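Asks: Submitted below is the structure of interest, expressed as structure tokens.
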Amino acid sequence: MNQRIPQRAQWASRLGFILAASGSAIGLGNIWKFPYVVGQNGGSAFVLVYLAAIVLVGVPIMMAEFLLGREGQRDAIGTFSRLAGPRSPWCLVGWVGVTAAFILFSFYAVVAGWSFDYVFKSLGGRISGQSPAQIKAIFGTLLDSPGQMIIWQALFVMATAGIVSRGIRGGIERCSKILMPTLFALLFYLFIHGIRSDGASQALAFLFSSDFSLLTPKVILEAVGHAFFTLSLGAGVMITYGSYLDRRANLFSLAVKVSFLDTLVALMAGMAIFPVVFSAGLDPAAGPGLVFQTIPIVFAQAPFGQLLSVLFFLLLAFAALSSSISMLEVAVAWLVDEKQWSRIRSTWLLSLLAFLLGIPSALSFNVLKSTPFLGSPTFFDFCDKLISSYLLPLGGLAVAIYCGWFLKRTATQQQEAICCPSRWVYPCWHILIRYIAPLALTFVFIQQSGLING
Ligand code: PFF
């Protein structure tokens with residue numbers, strides 16, 4: 001194969017890569033979704049399975065995605081076409097990833113836009129001192145205002161595009177180096193505040209004392225599915241980010257570091273949120289409204305409540321932004337690598353399209369609230385289900401099968417020497433990626449897609 005390989009961007013440093021990849025992993029899934037799914041699934045039993053799933057399914061698949069990207073040196077679709085052949089059906093896996101990342105970006109921006117709105121509401125003092133009923137009404141009013149939601153969504157999409165258009169080193173890596181440390185500092189402050197409040201011991205018990213009677217098959221599969229979502233797997237993100245890695249990078253160590261940071265942030269977010277929820281006597285299983293209703297209710301009454309709520313919503317906004325840049329990058333890399341478009345043109349065109357696609361998602365909370373879409377209650381629910389229940393588990397399953405069974409053994413063996421210096425890592429990874437991860441993901445897929453009821 002005598003194809004000319006154009007000079008490709010690379011991360012400036014390992015730390016930059018770790019911050020960018022963990023920026024993708026740490027998102028609304030950690031700070032918005034993790035606490036409420038833990039709340040709804042009975043706490044600690046869920047957390048335990050979630051941790052096991054990170055180790056047994058998440059880390060191996062993340063290593064596989066890094067490996068594919070680094071071998072392919074292209075976007076997600078180009079990687080499969082280079083490794084498996086341009087006409088191979090495996091290229092479909094790349095297409096699934098690019099499509100999933102793009103659709104995800106379109107509706108993620110809607111929820112992320114709410115966090116922008118709440119930063120400004122908190123700064124303007126519109127949260128602190130309000131009664132619980134008023135705070136519920138504030139969220140209700142936002143959901144009922146399509147114009148306002150679409151403006152915040154547009155601003156969020158533009159912020160994401162502004163970063164991605166500047167490229168890997170100058171945009172994504174540089175911003176991750178600012179966003180992530182700030183995010184860790186904000187979270188640390190809120191975590192300390194959480195563990196010093198009255199509800200800390202109740203929160204600790206809720207998150208960490210194990211009651212195995214709560215482990216139903218549904219809870220187990222929900223935990224595996226969430227572990228997968230939170231690590232940004234199955235959407236081509238880690239393939240694309242891996243393609244900017246140099247050949248000497250130790251993929252095992254990188255995957256462990258990224259997964260560790262992601263898990264740490266989810267647990268710390270739980271410990272920042274649940275103590276204050278418990279000490280205010282509110283319900284930990286409040287569902288998706290936990291972050292936008294329950295938390296502001298707590299902060300409204302707390303000393304330094306305004307400061308806490310500004311910090312909390314900034315944290316949420318930063319986490320969302322560092323994830324959305326990775327979603328947009330997957331699609332941009334495809335246009336840049338496969339169609340030779342300029343990065344700036346690709347970024348702004350795709351952002352405009354994602355923004356337009358996101359509008360019916362924003363309208364799903366008001367104008368289109370009672371309009372079902374293809375079997376789902378709203379367009380937003382349809383997109384969410386399509387991505388979280390079908391495309392991501394399917395993409396991850398395909399990556400595991402391809403890496404475990406079809407990637408040429410010599411290529412894998414070569415990687416063994418380069419990426420997993422420790423002797424036991426490669427055999428363990430091989431078993432997990434060949435058997436355990438595909439099995440686990442098949443069950444998740446079957447359960448989440450509703451093919452069986454468990
Ligand atoms: N990991 C992100 C979160 O926890 O919010 C969500 C996500 C980002 C999923 C990127 C998939 C993806 F490709």
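Each chain in the structure tokens gets a letter, A, B, ..., in the order shown, and its residues are numbered from 1; ligands are numbered from 1 in order too.
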Around ligand 1, out to 8 Å and counting only C-alpha atoms and all ligand atoms, which residues are there? I want them as a ChimeraX atom specification.

Replies: /A:24-31,33,97,100-101,104,229-238,319-320,323-324,326-327,392

Asks: When DSSP is applied to the backbone of this structure, which of region 299-388 of chain A are assigned helix (DSSP H, G or I)? Write them out as number ranges by chain.

Replies: A: 299-301, 305-338, 343-363, 379-388

Asks: In Å, rounded to a single decimal, give me how far CA of Ala112 (chain A) is from CA of Tyr241 (chain A).

Replies: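 Distance reported for this atom pair: 22.1 Å.
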
Asks: What is the CA of Phe46 (chain A) to CA of Phe228 (chain A) distance in Å?

Replies: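 These two atoms are separated by 14.1 Å.
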
Asks: Between A:Gly358, A:Gly194, A:Pro181, A:Gly242, which one has atoms that come closest to Leu254 (chain A), using only C-alpha atoms?

Replies: A:Gly242

Asks: Return as JSON lines the residues of region 142-225 of chain A lying at most 10 Å from region 115-134 of chain A, together with the closest atom-to-atom pair for each and the distance in Å to one decimal, counting only C-alpha atoms, with rows in chain order and ascending residue number.

Replies:
{"residue": "A:Leu142", "atom": "CA", "partner": "A:Asp117", "partner_atom": "CA", "distance": 8.7}
{"residue": "A:Gln148", "atom": "CA", "partner": "A:Asp117", "partner_atom": "CA", "distance": 8.8}
{"residue": "A:Met149", "atom": "CA", "partner": "A:Asp117", "partner_atom": "CA", "distance": 8.4}
{"residue": "A:Ile151", "atom": "CA", "partner": "A:Asp117", "partner_atom": "CA", "distance": 9.7}
{"residue": "A:Trp152", "atom": "CA", "partner": "A:Asp117", "partner_atom": "CA", "distance": 6.7}
{"residue": "A:Gln153", "atom": "CA", "partner": "A:Phe116", "partner_atom": "CA", "distance": 8.8}
{"residue": "A:Leu155", "atom": "CA", "partner": "A:Phe116", "partner_atom": "CA", "distance": 8.7}
{"residue": "A:Phe156", "atom": "CA", "partner": "A:Phe116", "partner_atom": "CA", "distance": 7.8}

Asks: Could you write out that same residue set with N, CA, C and O atoms as an mmCIF file, in the first residue's frame?

Replies:
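Wrote part-v7.cif, looks like this:
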data_model
loop_
_atom_site.group_PDB
_atom_site.id
_atom_site.type_symbol
_atom_site.label_atom_id
_atom_site.label_comp_id
_atom_site.auth_asym_id
_atom_site.auth_seq_id
_atom_site.Cartn_x
_atom_site.Cartn_y
_atom_site.Cartn_z
ATOM 1 N N LEU A 142 -37.982 27.901 32.589
ATOM 2 C CA LEU A 142 -36.941 27.702 31.569
ATOM 3 C C LEU A 142 -37.416 26.681 30.533
ATOM 4 O O LEU A 142 -37.315 26.899 29.323
ATOM 5 N N GLN A 148 -35.567 31.020 24.889
ATOM 6 C CA GLN A 148 -34.448 31.107 25.829
ATOM 7 C C GLN A 148 -33.561 29.850 25.734
ATOM 8 O O GLN A 148 -32.335 29.943 25.681
ATOM 9 N N MET A 149 -34.222 28.695 25.684
ATOM 10 C CA MET A 149 -33.448 27.450 25.616
ATOM 11 C C MET A 149 -32.615 27.384 24.355
ATOM 12 O O MET A 149 -31.461 26.948 24.364
ATOM 13 N N ILE A 151 -31.452 29.876 22.598
ATOM 14 C CA ILE A 151 -30.319 30.812 22.651
ATOM 15 C C ILE A 151 -29.159 30.204 23.440
ATOM 16 O O ILE A 151 -28.009 30.221 23.021
ATOM 17 N N TRP A 152 -29.470 29.600 24.595
ATOM 18 C CA TRP A 152 -28.401 28.984 25.397
ATOM 19 C C TRP A 152 -27.773 27.815 24.648
ATOM 20 O O TRP A 152 -26.556 27.604 24.685
ATOM 21 N N GLN A 153 -28.604 27.062 23.956
ATOM 22 C CA GLN A 153 -28.100 25.927 23.173
ATOM 23 C C GLN A 153 -27.138 26.447 22.094
ATOM 24 O O GLN A 153 -26.049 25.906 21.889
ATOM 25 N N LEU A 155 -25.436 29.247 22.099
ATOM 26 C CA LEU A 155 -24.185 29.738 22.697
ATOM 27 C C LEU A 155 -23.274 28.575 23.056
ATOM 28 O O LEU A 155 -22.052 28.634 22.867
ATOM 29 N N PHE A 156 -23.882 27.510 23.553
ATOM 30 C CA PHE A 156 -23.065 26.345 23.922
ATOM 31 C C PHE A 156 -22.420 25.724 22.677
ATOM 32 O O PHE A 156 -21.231 25.393 22.677
#

Asks: For CA of Leu261 (chain A) and CA of Ala203 (chain A), determine how far apart the two atoms are, in Å to one decimal place.

Replies: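 Spanning CA of Leu261 (chain A) to CA of Ala203 (chain A) is a straight-line distance of 20.7 Å.
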
Asks: Taking 4 positions as the minimum chain separation for residues in the same chain, which residues sit within 10 Å of Leu221 (chain A) when counting only C-alpha atoms? Answer as a PyMOL selection string.

Replies: chain A and resi 46+49-50+53+215-217+225-227+440-441+443-448+454

Asks: Just write the chosen residues, N, CA, C and O atoms, as a compact mmCIF listing (two decimals), in the first residue's frame.

Replies:
# COMPACT_ATOMS: atom_id res chain seq x y z
N PHE A 46 -25.68 -0.56 43.30
CA PHE A 46 -25.46 -0.05 41.94
C PHE A 46 -24.01 0.40 41.77
O PHE A 46 -23.36 0.07 40.77
N VAL A 49 -21.50 -2.54 41.25
CA VAL A 49 -21.51 -3.14 39.92
C VAL A 49 -20.90 -2.17 38.91
O VAL A 49 -20.16 -2.57 38.00
N TYR A 50 -21.20 -0.90 39.10
CA TYR A 50 -20.66 0.14 38.22
C TYR A 50 -19.12 0.10 38.24
O TYR A 50 -18.46 0.12 37.20
N ALA A 53 -17.88 -2.89 36.44
CA ALA A 53 -18.05 -2.73 34.99
C ALA A 53 -16.98 -1.82 34.39
O ALA A 53 -16.50 -2.04 33.27
N LEU A 215 -29.58 -6.06 44.10
CA LEU A 215 -28.99 -6.32 42.78
C LEU A 215 -29.91 -7.14 41.88
O LEU A 215 -29.80 -8.36 41.84
N THR A 216 -30.77 -6.51 41.15
CA THR A 216 -31.58 -7.23 40.17
C THR A 216 -30.83 -7.19 38.84
O THR A 216 -29.94 -6.36 38.64
N PRO A 217 -31.19 -8.09 37.89
CA PRO A 217 -30.53 -8.05 36.58
C PRO A 217 -30.65 -6.66 35.94
O PRO A 217 -29.72 -6.18 35.30
N GLY A 225 -24.31 -0.33 31.51
CA GLY A 225 -24.61 0.65 30.46
C GLY A 225 -24.11 2.03 30.85
O GLY A 225 -23.52 2.74 30.04
N HIS A 226 -24.28 2.40 32.12
CA HIS A 226 -23.83 3.73 32.52
C HIS A 226 -22.31 3.82 32.53
O HIS A 226 -21.74 4.84 32.12
N ALA A 227 -21.65 2.75 32.97
CA ALA A 227 -20.17 2.74 32.98
C ALA A 227 -19.66 2.99 31.56
O ALA A 227 -18.68 3.71 31.34
N ALA A 440 -21.03 -9.02 28.06
CA ALA A 440 -21.69 -8.01 28.90
C ALA A 440 -22.46 -7.03 28.01
O ALA A 440 -23.61 -6.68 28.30
N LEU A 441 -21.83 -6.59 26.92
CA LEU A 441 -22.49 -5.60 26.07
C LEU A 441 -23.68 -6.18 25.32
O LEU A 441 -24.65 -5.48 25.06
N PHE A 443 -25.73 -8.37 26.56
CA PHE A 443 -26.84 -8.32 27.52
C PHE A 443 -27.36 -6.90 27.69
O PHE A 443 -28.56 -6.66 27.75
N VAL A 444 -26.42 -5.93 27.79
CA VAL A 444 -26.85 -4.54 27.96
C VAL A 444 -27.70 -4.13 26.76
O VAL A 444 -28.78 -3.54 26.91
N PHE A 445 -27.22 -4.49 25.58
CA PHE A 445 -27.94 -4.10 24.37
C PHE A 445 -29.34 -4.71 24.36
O PHE A 445 -30.33 -4.03 24.09
N ILE A 446 -29.42 -5.99 24.69
CA ILE A 446 -30.72 -6.66 24.67
C ILE A 446 -31.66 -6.04 25.70
O ILE A 446 -32.82 -5.76 25.42
N GLN A 447 -31.12 -5.75 26.89
CA GLN A 447 -31.98 -5.20 27.94
C GLN A 447 -32.39 -3.75 27.60
O GLN A 447 -33.56 -3.41 27.64
N GLN A 448 -31.39 -2.93 27.24
CA GLN A 448 -31.69 -1.51 27.02
C GLN A 448 -32.58 -1.30 25.81
O GLN A 448 -33.38 -0.38 25.75
N GLY A 454 -36.23 -7.21 31.80
CA GLY A 454 -35.60 -7.77 32.99
C GLY A 454 -35.73 -6.87 34.17
O GLY A 454 -36.02 -5.72 34.03

Asks: Go through A:Phe139, A:Lys369, A:Pro60, A:Cys91 one by one, measure the shortest atom-to-atom distance of each to Pro427 (chain A) using only C-alpha atoms, and give the residue with the smallest value.

Replies: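 Residue with the minimum atom-to-atom distance to Pro427 (chain A): A:Pro60.
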